file structure.csv (CSV, C-alpha atoms (C1' of nucleotides))
chain,number,residue,atom,x,y,z
A,33,MET,CA,58.9,58.9,108.2
A,34,SER,CA,60.5,60.6,105.2
A,35,SER,CA,59.9,58.6,102.0
A,36,ALA,CA,61.0,59.0,98.4
A,37,THR,CA,58.0,61.2,97.9
A,38,HIS,CA,59.0,64.6,99.3
A,39,ASP,CA,56.4,65.0,102.0
A,40,ARG,CA,56.9,66.3,105.5
A,41,ASP,CA,53.4,66.2,106.9
A,42,ALA,CA,52.3,67.6,103.5
A,43,PRO,CA,48.9,66.5,102.2
A,44,HIS,CA,49.6,63.7,99.7
A,45,PHE,CA,48.5,64.4,96.1
A,46,ALA,CA,49.0,62.1,93.2
A,47,LEU,CA,48.5,63.9,90.0
A,48,GLU,CA,48.3,60.8,87.8
A,49,ALA,CA,45.4,59.5,89.9
A,50,PHE,CA,43.5,62.8,89.8
A,51,LEU,CA,40.3,62.5,87.9
A,52,PRO,CA,40.2,65.9,86.2
A,53,TYR,CA,43.8,65.4,85.1
A,54,ARG,CA,43.1,61.9,83.7
A,55,LEU,CA,40.0,63.0,81.9
A,56,SER,CA,41.8,65.9,80.4
A,57,ILE,CA,44.7,63.8,79.1
A,58,LEU,CA,42.4,61.2,77.6
A,59,ALA,CA,40.1,63.7,76.0
A,60,ASN,CA,43.0,65.6,74.5
A,61,THR,CA,44.7,62.5,73.2
A,62,VAL,CA,41.5,61.4,71.5
A,63,SER,CA,40.7,64.9,70.2
A,64,ASN,CA,44.2,65.5,68.8
A,65,ALA,CA,44.2,62.2,67.0
A,66,ILE,CA,40.8,63.0,65.5
A,67,ALA,CA,41.7,66.6,64.7
A,68,ARG,CA,44.8,65.5,62.8
A,69,GLU,CA,42.8,63.0,60.8
A,70,TYR,CA,40.0,65.4,59.9
A,71,GLN,CA,42.5,68.1,59.1
A,72,GLY,CA,44.6,65.9,56.9
A,73,ARG,CA,41.9,64.0,55.1
A,74,PHE,CA,39.1,66.6,54.9
A,75,GLY,CA,40.7,69.9,55.7
A,76,LEU,CA,38.2,70.4,58.6
A,77,THR,CA,38.8,71.5,62.2
A,78,ILE,CA,36.8,69.9,65.0
A,79,PRO,CA,34.5,72.9,65.4
A,80,GLU,CA,33.9,72.8,61.6
A,81,TRP,CA,33.1,69.2,61.7
A,82,ARG,CA,30.7,69.6,64.6
A,83,VAL,CA,28.8,72.2,62.6
A,84,MET,CA,28.7,69.9,59.6
A,85,ALA,CA,27.5,67.0,61.7
A,86,VAL,CA,24.6,68.9,63.1
A,87,LEU,CA,23.6,70.4,59.7
A,88,GLY,CA,24.0,67.0,58.1
A,89,ARG,CA,21.7,65.4,60.6
A,90,PHE,CA,19.1,68.1,61.4
A,91,GLY,CA,19.1,70.1,58.2
A,92,PRO,CA,19.3,73.9,57.8
A,93,ASP,CA,19.6,75.9,61.0
A,94,VAL,CA,20.6,79.2,62.4
A,95,ALA,CA,23.8,79.9,64.3
A,96,THR,CA,22.0,79.9,67.6
A,97,GLY,CA,20.6,76.5,67.0
A,98,ILE,CA,24.0,75.2,66.1
A,99,CYS,CA,25.3,76.6,69.4
A,100,GLU,CA,22.8,74.6,71.4
A,101,ARG,CA,23.4,71.4,69.6
A,102,THR,CA,27.2,71.6,69.6
A,103,ALA,CA,27.9,73.0,73.0
A,104,MET,CA,30.1,75.7,71.4
A,105,ASP,CA,29.7,79.4,72.0
A,106,LYS,CA,28.5,81.7,69.3
A,107,VAL,CA,31.9,83.1,68.5
A,108,MET,CA,33.3,79.7,67.7
A,109,VAL,CA,30.2,78.7,65.7
A,110,SER,CA,30.4,82.0,63.8
A,111,ARG,CA,34.0,81.5,62.9
A,112,ALA,CA,33.6,77.8,62.0
A,113,MET,CA,30.6,78.6,59.8
A,114,ASN,CA,32.4,81.3,58.0
A,115,ARG,CA,35.3,79.0,57.2
A,116,LEU,CA,32.8,76.4,55.9
A,117,ILE,CA,31.2,79.0,53.7
A,118,ASP,CA,34.6,80.0,52.3
A,119,GLY,CA,35.2,76.3,51.6
A,120,GLY,CA,31.8,76.0,49.9
A,121,LEU,CA,30.6,73.3,52.2
A,122,VAL,CA,27.7,75.3,53.5
A,123,ASN,CA,25.9,78.4,52.4
A,124,ARG,CA,23.9,81.0,54.2
A,125,SER,CA,20.9,83.0,53.3
A,126,ALA,CA,19.1,85.6,55.4
A,127,ASP,CA,15.8,84.6,57.0
A,128,ASP,CA,13.2,86.9,55.4
A,129,SER,CA,11.0,86.9,58.5
A,130,ASP,CA,13.9,88.0,60.7
A,131,ARG,CA,16.8,89.4,59.0
A,132,ARG,CA,19.2,89.1,61.9
A,133,ARG,CA,19.1,85.4,61.4
A,134,GLY,CA,21.2,83.6,58.8
A,135,ILE,CA,20.0,80.2,57.8
A,136,THR,CA,22.8,77.9,57.1
A,137,ARG,CA,22.4,74.9,54.9
A,138,ILE,CA,24.8,72.2,53.8
A,139,THR,CA,25.7,72.3,50.1
A,140,ARG,CA,25.9,69.3,47.8
A,141,LYS,CA,29.7,69.4,48.2
A,142,GLY,CA,29.3,69.7,51.9
A,143,ARG,CA,27.0,66.7,52.0
A,144,SER,CA,29.5,64.7,50.0
A,145,VAL,CA,32.2,65.5,52.5
A,146,HIS,CA,29.9,64.9,55.4
A,147,ASP,CA,29.0,61.4,54.1
A,148,LYS,CA,32.7,60.6,53.7
A,149,ILE,CA,33.6,61.7,57.3
A,150,VAL,CA,30.8,59.9,59.2
A,151,PRO,CA,32.2,56.4,58.6
A,152,VAL,CA,35.7,57.5,59.5
A,153,ALA,CA,34.4,59.1,62.7
A,154,LEU,CA,32.4,56.0,63.7
A,155,GLU,CA,35.4,53.8,62.9
A,156,HIS,CA,37.6,56.0,65.1
A,157,GLU,CA,35.1,55.7,67.9
A,158,ARG,CA,35.0,51.9,67.4
A,159,ARG,CA,38.8,51.7,67.6
A,160,ILE,CA,38.9,53.7,70.8
A,161,LEU,CA,36.3,51.5,72.4
A,162,SER,CA,37.7,48.3,71.0
A,163,THR,CA,39.6,47.7,74.2
A,164,LEU,CA,36.3,47.4,76.1
A,165,THR,CA,33.7,44.6,76.1
A,166,THR,CA,30.2,45.4,75.0
A,167,ALA,CA,29.1,45.4,78.6
A,168,GLU,CA,31.9,47.7,79.6
A,169,ILE,CA,31.1,50.1,76.8
A,170,ALA,CA,27.5,50.3,78.0
A,171,GLU,CA,28.7,50.9,81.6
A,172,PHE,CA,31.2,53.6,80.6
A,173,ASP,CA,28.5,55.3,78.6
A,174,ARG,CA,26.1,55.2,81.5
A,175,LEU,CA,28.7,56.6,84.0
A,176,LEU,CA,29.8,59.3,81.6
A,177,ALA,CA,26.2,60.4,81.2
A,178,LYS,CA,25.8,60.5,85.0
A,179,LEU,CA,29.0,62.5,85.4
A,180,GLN,CA,28.1,64.9,82.6
A,181,ALA,CA,24.7,65.6,84.1
A,182,THR,CA,26.1,66.7,87.5
A,183,ALA,CA,29.1,68.4,86.0
A,184,PHE,CA,26.7,70.7,84.1
A,185,THR,CA,24.5,71.1,87.1
A,186,ASN,CA,27.3,72.4,89.3
A,187,GLY,CA,29.2,74.3,86.5
B,153,MET,CA,10.9,57.9,54.5
B,154,SER,CA,11.9,61.5,55.2
B,155,SER,CA,12.0,62.2,58.9
B,156,ALA,CA,12.7,65.2,61.0
B,157,THR,CA,16.3,64.3,60.9
B,158,HIS,CA,17.4,65.4,57.5
B,159,ASP,CA,18.7,62.2,56.0
B,160,ARG,CA,18.2,60.9,52.5
B,161,ASP,CA,20.2,57.7,52.5
B,162,ALA,CA,22.9,59.6,54.4
B,163,PRO,CA,24.9,57.8,57.1
B,164,HIS,CA,23.3,58.6,60.4
B,165,PHE,CA,25.6,60.4,62.9
B,166,ALA,CA,24.5,61.6,66.3
B,167,LEU,CA,27.0,64.1,67.7
B,168,GLU,CA,25.7,64.0,71.2
B,169,ALA,CA,26.3,60.3,71.4
B,170,PHE,CA,29.8,60.4,69.9
B,171,LEU,CA,32.3,59.4,72.5
B,172,PRO,CA,35.1,61.8,71.6
B,173,TYR,CA,32.6,64.6,71.7
B,174,ARG,CA,31.2,63.6,75.1
B,175,LEU,CA,34.6,63.1,76.5
B,176,SER,CA,35.7,66.5,75.3
B,177,ILE,CA,32.7,68.3,76.7
B,178,LEU,CA,33.0,66.6,80.1
B,179,ALA,CA,36.7,67.2,80.4
B,180,ASN,CA,36.4,70.8,79.4
B,181,THR,CA,33.5,71.4,81.8
B,182,VAL,CA,35.5,70.0,84.6
B,183,SER,CA,38.8,71.7,83.6
B,184,ASN,CA,37.2,75.1,83.3
B,185,ALA,CA,35.5,74.9,86.7
B,186,ILE,CA,38.8,74.0,88.3
B,187,ALA,CA,40.8,76.5,86.3
B,188,ARG,CA,38.5,79.3,87.5
B,189,GLU,CA,38.8,78.2,91.1
B,190,TYR,CA,42.6,77.9,91.1
B,191,GLN,CA,42.9,81.2,89.3
B,192,GLY,CA,40.6,83.0,91.6
B,193,ARG,CA,41.8,81.5,94.9
B,194,PHE,CA,45.4,80.9,94.2
B,195,GLY,CA,46.3,82.8,91.1
B,196,LEU,CA,47.5,79.6,89.4
B,197,THR,CA,46.7,78.2,85.9
B,198,ILE,CA,46.3,74.5,85.5
B,199,PRO,CA,49.8,74.0,84.0
B,200,GLU,CA,51.3,75.9,86.9
B,201,TRP,CA,49.3,73.8,89.3
B,202,ARG,CA,50.5,70.6,87.7
B,203,VAL,CA,54.1,71.7,88.1
B,204,MET,CA,53.5,72.5,91.7
B,205,ALA,CA,51.8,69.2,92.3
B,206,VAL,CA,54.7,67.3,91.0
B,207,LEU,CA,57.4,69.3,92.7
B,208,GLY,CA,55.4,69.1,95.9
B,209,ARG,CA,55.2,65.4,95.8
B,210,PHE,CA,58.5,64.3,94.3
B,211,GLY,CA,60.7,67.1,95.3
B,212,PRO,CA,63.2,69.1,93.2
B,213,ASP,CA,63.3,68.1,89.5
B,214,VAL,CA,64.5,69.3,86.2
B,215,ALA,CA,62.1,70.5,83.5
B,216,THR,CA,62.4,67.3,81.5
B,217,GLY,CA,61.3,65.3,84.5
B,218,ILE,CA,58.3,67.6,85.0
B,219,CYS,CA,57.4,67.0,81.4
B,220,GLU,CA,57.2,63.3,81.9
B,221,ARG,CA,55.3,63.5,85.0
B,222,THR,CA,52.7,66.0,83.8
B,223,ALA,CA,52.3,64.9,80.2
B,224,MET,CA,52.9,68.5,79.2
B,225,ASP,CA,55.4,69.5,76.5
B,226,LYS,CA,58.6,71.3,77.4
B,227,VAL,CA,57.4,74.7,76.1
B,228,MET,CA,54.4,74.6,78.4
B,229,VAL,CA,56.5,73.5,81.3
B,230,SER,CA,59.1,76.1,80.6
B,231,ARG,CA,56.5,78.8,80.6
B,232,ALA,CA,54.6,77.5,83.7
B,233,MET,CA,57.8,77.3,85.6
B,234,ASN,CA,58.9,80.8,84.7
B,235,ARG,CA,55.6,82.2,85.9
B,236,LEU,CA,56.0,80.2,89.1
B,237,ILE,CA,59.5,81.6,89.6
B,238,ASP,CA,58.2,85.2,89.0
B,239,GLY,CA,55.6,84.5,91.7
B,240,GLY,CA,58.2,83.2,94.1
B,241,LEU,CA,56.5,79.8,94.4
B,242,VAL,CA,59.5,77.9,93.1
B,243,ASN,CA,63.2,78.7,92.4
B,244,ARG,CA,65.7,77.3,90.0
B,245,SER,CA,69.4,76.7,90.3
B,246,ALA,CA,71.8,75.4,87.6
B,247,ASP,CA,72.9,71.8,88.0
B,248,ASP,CA,76.7,72.0,88.4
B,249,SER,CA,77.3,68.7,86.8
B,250,ASP,CA,75.4,69.6,83.7
B,251,ARG,CA,74.9,73.3,83.2
B,252,ARG,CA,72.1,72.9,80.7
B,253,ARG,CA,69.8,71.6,83.3
B,254,GLY,CA,68.0,73.8,85.8
B,255,ILE,CA,66.9,72.2,89.0
B,256,THR,CA,63.6,73.6,90.2
B,257,ARG,CA,62.5,73.3,93.8
B,258,ILE,CA,59.5,74.5,95.6
B,259,THR,CA,59.9,77.5,98.0
B,260,ARG,CA,58.5,77.8,101.4
B,261,LYS,CA,55.8,80.1,100.0
B,262,GLY,CA,55.2,77.6,97.2
B,263,ARG,CA,54.8,74.8,99.7
B,264,SER,CA,52.3,76.8,101.7
B,265,VAL,CA,50.2,77.4,98.6
B,266,HIS,CA,50.6,73.8,97.5
B,267,ASP,CA,49.3,72.6,100.9
B,268,LYS,CA,46.3,74.9,100.6
B,269,ILE,CA,45.4,73.7,97.1
B,270,VAL,CA,45.6,70.0,97.6
B,271,PRO,CA,42.5,69.7,99.9
B,272,VAL,CA,40.6,72.0,97.5
B,273,ALA,CA,41.5,69.8,94.6
B,274,LEU,CA,40.6,66.6,96.3
B,275,GLU,CA,37.3,68.1,97.4
B,276,HIS,CA,36.6,69.1,93.9
B,277,GLU,CA,37.2,65.6,92.7
B,278,ARG,CA,35.0,64.2,95.5
B,279,ARG,CA,32.2,66.5,94.4
B,280,ILE,CA,32.4,65.5,90.8
B,281,LEU,CA,32.4,61.8,91.7
B,282,SER,CA,29.7,62.3,94.4
B,283,THR,CA,27.0,61.2,91.9
B,284,LEU,CA,28.6,57.8,91.6
B,285,THR,CA,28.6,55.0,94.1
B,286,THR,CA,31.9,53.6,95.4
B,287,ALA,CA,31.6,50.6,93.1
B,288,GLU,CA,30.9,52.9,90.1
B,289,ILE,CA,33.8,55.1,90.9
B,290,ALA,CA,36.1,52.0,91.0
B,291,GLU,CA,34.6,50.8,87.7
B,292,PHE,CA,34.9,54.2,86.0
B,293,ASP,CA,38.5,54.4,87.2
B,294,ARG,CA,39.3,51.0,85.7
B,295,LEU,CA,37.6,51.7,82.4
B,296,LEU,CA,39.3,55.1,82.1
B,297,ALA,CA,42.7,53.4,82.7
B,298,LYS,CA,41.9,50.9,80.0
B,299,LEU,CA,41.0,53.5,77.5
B,300,GLN,CA,43.9,55.6,78.4
B,301,ALA,CA,46.3,52.8,77.8
B,302,THR,CA,45.1,52.0,74.3
B,303,ALA,CA,44.6,55.7,73.4
B,304,PHE,CA,48.3,56.3,74.1
B,305,THR,CA,49.2,53.1,72.2
B,306,ASN,CA,47.4,54.1,69.0
B,307,GLY,CA,48.2,57.9,69.3
C,233,DA,C1',5.1,105.8,66.8
C,234,DT,C1',9.2,105.6,69.6
C,235,DA,C1',12.5,104.9,73.3
C,236,DG,C1',14.4,101.1,75.7
C,237,DT,C1',15.5,96.3,75.7
C,238,DT,C1',16.6,91.9,73.8
C,239,DT,C1',18.3,88.9,70.3
C,240,DT,C1',21.6,87.5,66.5
C,241,DG,C1',25.8,87.4,64.9
C,242,DT,C1',30.5,89.7,64.2
C,243,DT,C1',34.8,91.9,65.5
C,244,DG,C1',38.6,93.5,68.6
C,245,DC,C1',41.6,92.4,72.0
C,246,DA,C1',44.1,89.7,75.2
C,247,DT,C1',45.7,85.1,76.3
C,248,DA,C1',46.9,80.4,75.4
C,249,DT,C1',49.1,77.0,73.1
C,250,DG,C1',51.7,74.1,69.5
C,251,DT,C1',55.5,73.8,66.0
C,252,DA,C1',59.6,74.9,64.6
C,253,DA,C1',63.8,77.5,64.9
C,254,DC,C1',67.1,78.4,67.9
C,255,DC,C1',71.2,78.8,71.6
C,256,DA,C1',74.1,76.7,74.8
C,257,DA,C1',76.1,72.7,77.0
C,258,DT,C1',77.2,68.0,76.6
C,259,DT,C1',78.3,63.6,74.5
C,260,DC,C1',79.8,60.8,70.8
C,261,DG,C1',82.9,59.0,66.9
C,262,DG,C1',86.8,58.8,65.1
D,171,DC,C1',91.1,66.0,71.3
D,172,DC,C1',87.7,68.1,67.5
D,173,DG,C1',83.7,68.4,64.7
D,174,DA,C1',79.0,66.3,64.5
D,175,DA,C1',75.0,64.9,66.6
D,176,DT,C1',72.2,65.2,70.9
D,177,DT,C1',70.0,67.2,74.8
D,178,DG,C1',67.9,70.9,77.8
D,179,DG,C1',65.5,74.7,77.6
D,180,DT,C1',63.8,79.3,75.5
D,181,DT,C1',62.1,82.3,72.0
D,182,DA,C1',59.4,83.4,67.7
D,183,DC,C1',55.7,83.0,65.1
D,184,DA,C1',51.2,81.4,63.7
D,185,DT,C1',46.7,79.8,65.4
D,186,DA,C1',43.1,79.2,68.5
D,187,DT,C1',40.0,80.7,71.7
D,188,DG,C1',37.3,83.4,75.2
D,189,DC,C1',35.3,87.6,76.7
D,190,DA,C1',33.6,91.9,76.0
D,191,DA,C1',32.2,95.5,73.0
D,192,DC,C1',29.7,96.2,69.1
D,193,DA,C1',26.0,96.8,65.1
D,194,DA,C1',21.8,95.7,63.2
D,195,DA,C1',17.3,93.9,63.5
D,196,DA,C1',13.3,93.0,66.1
D,197,DC,C1',10.5,93.1,70.0
D,198,DT,C1',8.0,95.6,74.1
D,199,DA,C1',5.4,98.7,76.2
D,200,DT,C1',3.7,102.9,76.7
call {"tool": "encode", "arguments": {"input": "structure.csv", "output": "structure tokens"}}
result
Amino acid sequence: MSSATHDRDAPHFALEAFLPYRLSILANTVSNAIAREYQGRFGLTIPEWRVMAVLGRFGPDVATGICERTAMDKVMVSRAMNRLIDGGLVNRSADDSDRRRGITRITRKGRSVHDKIVPVALEHERRILSTLTTAEIAEFDRLLAKLQATAFTNG
Amino acid sequence: MSSATHDRDAPHFALEAFLPYRLSILANTVSNAIAREYQGRFGLTIPEWRVMAVLGRFGPDVATGICERTAMDKVMVSRAMNRLIDGGLVNRSADDSDRRRGITRITRKGRSVHDKIVPVALEHERRILSTLTTAEIAEFDRLLAKLQATAFTNG
DNA sequence: ATAGTTTTGTTGCATATGTAACCAATTCGG
DNA sequence: CCGAATTGGTTACATATGCAACAAAACTAT
């Protein structure tokens, strides 16, 4: 039978139910909202914020270390760090024992910005998750981790 | 006490546990894998594929309609459609009752490509979800929908 | 020592994407 | 009807991003 959906023996495909599509939409919606907020209130992009978050938590590190902890490639990290240096939020000094490496550390100003963003970020997360019960949050967390593990394995 | 994590009274923030970060990583991992596959096997980008999917399912439509059904903005849709026209997968004819509107329809060639991609897409989705049980898939689906609903509301 | 390889990070180029300006067709208000 | 606002879609420009080539430093192994 010929229905409103235009299929003559065609395989049926519903984009709006397709997991990669839905994941992409949700992640982009969330990311864009956060990006606008960080940009507006702190003048930071998301890559910059990720670098700040890692430096703020783990202390001085080299670009390669930041790459691993942020899942960003080295080009993105390099550019984000250079913008942060321009803004005076971090500084970099050569590692004397290996002068290819530049050790980046957060500045006092950077620490101050970092400490202002963290509560905003956590509040944002809380707001997103506020639609779920505690049990649902835990479950979503668990499923996300499971998916992430296999996504990386296959990719 | 001063631990390995570099915090002196600083708010603690764990990037790897931050939901927006995790969502972004997972969505990008999945999207990139799919994008490579569609590009390699069918020469389509993801925006192009979304347009094809909607035309294939709902039949001829105008760009504005495609925008709504794909959650892409009109610039992206315009560009994707023009590339599809260049490739001969869709064609466009002016709507005589409103000559601003261009009605896009899938061609025979486009339909053939569409019908080849759909099983590949579904198989990809199946593989991603293969780590979850049926019940978990249903639950993840439900939670995703809940999150999506509020994300759009707030955003 | 020294040539070849690996590591670290940057730069160049090509592509992707969003915002805003824009053009053309249509509708709306009087 | 006619000028103003609206709508459908494209183009221009500014950014963002990924890949590959690169330069410099440091290893490796003879």
call {"tool": "closest_atom_pairs", "arguments": {"input": "structure.csv", "of": "chain A", "to": "chain B", "cutoff": "7 Å", "atoms": "all atoms listed in the file", "output": "Markdown table"}}
result
| residue | atom | partner | partner_atom | distance |
| --- | --- | --- | --- | --- |
| A:Thr37 | CA | B:Phe210 | CA | 4.8 |
| A:His38 | CA | B:Gly211 | CA | 5.0 |
| A:Asp39 | CA | B:Arg209 | CA | 6.3 |
| A:Ala42 | CA | B:Asp267 | CA | 6.4 |
| A:Pro43 | CA | B:Asp267 | CA | 6.2 |
| A:Phe45 | CA | B:Val270 | CA | 6.5 |
| A:Leu47 | CA | B:Ala205 | CA | 6.7 |
| A:Leu51 | CA | B:Glu277 | CA | 6.5 |
| A:Pro52 | CA | B:Val182 | CA | 6.4 |
| A:Leu55 | CA | B:Ala179 | CA | 5.5 |
| A:Ser56 | CA | B:Ala179 | CA | 5.3 |
| A:Leu58 | CA | B:Gln300 | CA | 5.9 |
| A:Ala59 | CA | B:Ser176 | CA | 5.3 |
| A:Thr61 | CA | B:Ala303 | CA | 6.8 |
| A:Val62 | CA | B:Pro172 | CA | 6.4 |
| A:Ser63 | CA | B:Pro172 | CA | 6.6 |
| A:Ala65 | CA | B:Gly307 | CA | 6.3 |
| A:Ala85 | CA | B:Leu167 | CA | 6.7 |
| A:Gly88 | CA | B:His158 | CA | 6.8 |
| A:Arg89 | CA | B:His158 | CA | 5.3 |
| A:Phe90 | CA | B:Thr157 | CA | 4.7 |
| A:Gly91 | CA | B:His158 | CA | 5.0 |
| A:Asp147 | CA | B:Pro163 | CA | 6.2 |
| A:Val150 | CA | B:Phe165 | CA | 6.4 |
| A:Glu157 | CA | B:Leu171 | CA | 6.5 |
| A:Ile160 | CA | B:Ala303 | CA | 6.6 |
| A:Thr163 | CA | B:Leu299 | CA | 6.8 |
| A:Phe172 | CA | B:Phe292 | CA | 6.6 |
| A:Leu175 | CA | B:Phe292 | CA | 6.9 |
| A:Leu179 | CA | B:Thr283 | CA | 6.9 |
| A:Gln180 | CA | B:Leu178 | CA | 5.8 |
| A:Ala183 | CA | B:Ile280 | CA | 6.5 |
| A:Gly187 | CA | B:Ala185 | CA | 6.3 |
call {"tool": "residues_around", "arguments": {"input": "structure.csv", "residues": "Asp93 in chain A", "least_positions_apart": "2", "cutoff": "7 Å", "atoms": "all atoms listed in the file", "output": "mmCIF file with C-alpha atoms, in the coordinates of the input"}}
result
data_model
loop_
_atom_site.group_PDB
_atom_site.id
_atom_site.type_symbol
_atom_site.label_atom_id
_atom_site.label_comp_id
_atom_site.auth_asym_id
_atom_site.auth_seq_id
_atom_site.Cartn_x
_atom_site.Cartn_y
_atom_site.Cartn_z
ATOM 1 C CA LEU A 87 23.600 70.400 59.700
ATOM 2 C CA GLY A 91 19.100 70.100 58.200
ATOM 3 C CA ALA A 95 23.800 79.900 64.300
ATOM 4 C CA GLY A 97 20.600 76.500 67.000
ATOM 5 C CA ILE A 98 24.000 75.200 66.100
ATOM 6 C CA ILE A 135 20.000 80.200 57.800
ATOM 7 C CA THR A 136 22.800 77.900 57.100
ATOM 8 C CA ARG A 137 22.400 74.900 54.900
#
call {"tool": "interface_residues", "arguments": {"input": "structure.csv", "of": "chain C", "to": "chain B", "cutoff": "8 Å", "atoms": "only C-alpha atoms (C1' of nucleotides)", "output": "list in words"}}
result
DT249, DA256, DA257 and DT258 of chain C
call {"tool": "residues_around", "arguments": {"input": "structure.csv", "residues": "DT181 in chain D", "least_positions_apart": "3", "cutoff": "10 Å", "atoms": "all atoms listed in the file", "output": "short mmCIF file (atom, residue, chain, number, x, y, z; two decimals) with C-alpha atoms (C1' of nucleotides), keeping the file's coordinate frame"}}
result
data_model
loop_
_atom_site.label_atom_id
_atom_site.label_comp_id
_atom_site.auth_asym_id
_atom_site.auth_seq_id
_atom_site.Cartn_x
_atom_site.Cartn_y
_atom_site.Cartn_z
CA VAL B 227 57.40 74.70 76.10
"C1'" DA C 253 63.80 77.50 64.90
"C1'" DC C 254 67.10 78.40 67.90
"C1'" DC C 255 71.20 78.80 71.60
#
call {"tool": "closest_atom_pairs", "arguments": {"input": "structure.csv", "of": "chain D", "to": "chain B", "cutoff": "12 Å", "atoms": "all atoms listed in the file", "output": "Markdown table"}}
result
| residue | atom | partner | partner_atom | distance |
| --- | --- | --- | --- | --- |
| D:DT177 | C1' | B:Arg252 | CA | 8.5 |
| D:DG178 | C1' | B:Arg252 | CA | 5.5 |
| D:DG179 | C1' | B:Ser230 | CA | 7.2 |
| D:DT180 | C1' | B:Ser230 | CA | 7.6 |
| D:DT181 | C1' | B:Val227 | CA | 9.8 |
| D:DG188 | C1' | B:Asn184 | CA | 11.6 |
call {"tool": "residues_near_point", "arguments": {"input": "structure.csv", "point": "(15.0, 105.0, 77.1)", "cutoff": "12 Å", "atoms": "all atoms listed in the file", "output": "list in words"}}
result
DT234, DA235, DG236 and DT237 of chain C; DA199 and DT200 of chain D
call {"tool": "atom_distance", "arguments": {"input": "structure.csv", "atom1": "CA of Arg68 in chain A", "atom2": "C1' of DG244 in chain C"}}
result
29.3 Å
call {"tool": "residues_around", "arguments": {"input": "structure.csv", "residues": "DA174 in chain D", "least_positions_apart": "3", "cutoff": "12 Å", "atoms": "all atoms listed in the file", "output": "PyMOL selection string"}}
result
chain C and resi 259-262
call {"tool": "atom_distance", "arguments": {"input": "structure.csv", "atom1": "CA of Asn123 in chain A", "atom2": "CA of Leu76 in chain A"}}
result
15.9 Å
